[in-house]
Amino acid sequence: MKNKLLLIPLLLLVAAPLYAQRKVSADVEVKTVIDGKLNTVTKSVYCTNNGRLVAKFSKPLPYYVVSNSKGEMNLYRPDTNEVLSDVDPSFSSNTELIMLFMSGRIDDLGLTSFGYKAGSATREDGFVKKTFKSPDTTKPDVEIVYENYLPIYCEYTAQDGRMLSKKYLSDYKTYGRFILPQRVTDITYGVKRDSSIVRTIYSNVKVDVDDPNFDFQIPANAKPMKLDAPAQ
Amino acid sequence: MKKGVVSKIIHYFCVVETTFLISYTIMKKLVLSVIAVLAIAFSANAANYKVDNNAIDNIIENATEVVVLDVAAPAAANLPAFEQKDVNATTALILNIFLGWCGVHRHYMGTAPYMWALYLFTGGGIFGIVDFVDFVMLIIAMTDGGNISKYINNRKFFMWA
């Protein structure tokens, strides 16, 4: 027990760098093309390593989304002082790619935290391929391809073998101990409609900087949002 | 006699050297050819995993810009709807304190099915060290908002590595 107590300061000292990146912020531009139509969304994300994510949208509308790893999400429109609250796993901050890279969950891109089981890894032509399967057969199989230990390609396939979507991660850049792809391209194949292309560009990445947006709180006097009202 | 032997030796070495040079040249070409073929094969395969950015740029540039005011659908990643495992950091820590030596806390958080055996057969996680580091990491996670998501369904023996 005495030895264990002596180890505590040493272990804390060793573990400190692992937790050094407590805050990461970045500007994100998401361009979506469906049926020849382009929609652009710009936002700044403020991630804290306790799982809290503040997304400050500037285009098409100014609004905030505050979420946590449990899927609790609050959407706030400052122009109307309205708030919409919801809880759903798909709103979890863990679905935000920058959060996955911040917490070092690069190897499975967060799939195992959603119940996926890792299959065997194979090496092919300099790339390492790893498959992930979910016990839930309605969920797609996922294959991740790594180059230099970093995921560069992700493929979602339905149980009937139909390709659902592909994700390409490129232009990796290191920020201290934190690494992030600057460009992510998603191609989703539609059944009855054209494929959609989503390009996400990360820029202005800042690590461990102070910004009031990290601690953004929705005003207590915000009114519940009326979903039937058309957005202005 | 001696002169004949010397000339034969010189001739022999010349033949050997010539043969070696020819072999070396052929081998070099062969190796370079193999490398070239492998490079082509590699680049062909690499193309499957790398997107043509110029083509994507063209599609985006040629698309008609529209404004979608869909504030009720925050742009999360294009992942399917998943369910998260409900794991409590305090419970994991208590299990670690009392039954950490056999990796029960790891199974509570979700891990490889054989993890208990690894902990057990390494004397409680390499004589208690791994178990103890798990304990420290869980303490750190608890003091930092209780976010232990990176340890959930973590199949690594060193869950914090």
# chains A, B, ... in the order shown; residues from 1 in each chain; ligands from 1
$ interface_residues --of "chain A" --to "chain B" --cutoff "6 Å" --atoms "only C-alpha atoms" --output "number ranges by chain"
A: 36-39, 50, 89-90, 95-96, 112-114, 125, 153
$ write_last_selection --atoms "C-alpha atoms" --output "compact mmCIF listing (two decimals), in the first residue's frame"
# COMPACT_ATOMS: atom_id res chain seq x y z
CA GLY A 36 -26.91 19.60 -57.70
CA LYS A 37 -27.85 21.90 -54.83
CA LEU A 38 -25.24 23.18 -52.40
CA ASN A 39 -25.86 24.02 -48.78
CA ASN A 50 -15.27 16.32 -20.20
CA PRO A 89 -27.60 9.19 -28.89
CA SER A 90 -27.21 10.70 -32.35
CA THR A 95 -20.33 11.84 -32.97
CA GLU A 96 -18.31 15.00 -33.62
CA THR A 112 -16.95 0.57 -30.11
CA SER A 113 -18.66 3.07 -27.82
CA PHE A 114 -21.76 2.51 -29.97
CA ASP A 125 -0.64 -3.08 -49.91
CA TYR A 153 -10.96 5.77 -45.29
$ residues_around --residues "stretch 128-138 of chain A" --least-positions-apart "3" --cutoff "9 Å" --atoms "only C-alpha atoms" --output "ChimeraX atom specification"
/A:108,111-112,114-125,141-149,158-159
$ residues_around --residues "A:Gly71" --least-positions-apart "2" --cutoff "6 Å" --atoms "only C-alpha atoms" --output "JSON, numbers by chain"
{"A": [68, 69, 87, 88, 89, 91, 92]}
$ atom_distance --atom1 "atom CA of B:Asn54" --atom2 "atom CA of A:Thr185"
12.2 Å
$ select_by_dssp --residues "stretch 58-199 of chain A" --states "strand (DSSP E or B)" --output "ChimeraX atom specification"
/A:58-59,63-67,72-77,82-87,117-124,127-133,141-147,150-157,163-175,178-188,196-199
$ atom_distance --atom1 "atom CA of A:Pro181" --atom2 "atom CA of B:Asn58"
21.1 Å
$ atom_distance --atom1 "atom CA of A:Lys223" --atom2 "atom CA of A:Glu82"
4.6 Å
$ closest_residue --among "A:Gly51, A:Tyr63, A:Met102, A:Tyr189" --to "A:Val83" --atoms "only C-alpha atoms"
A:Tyr63
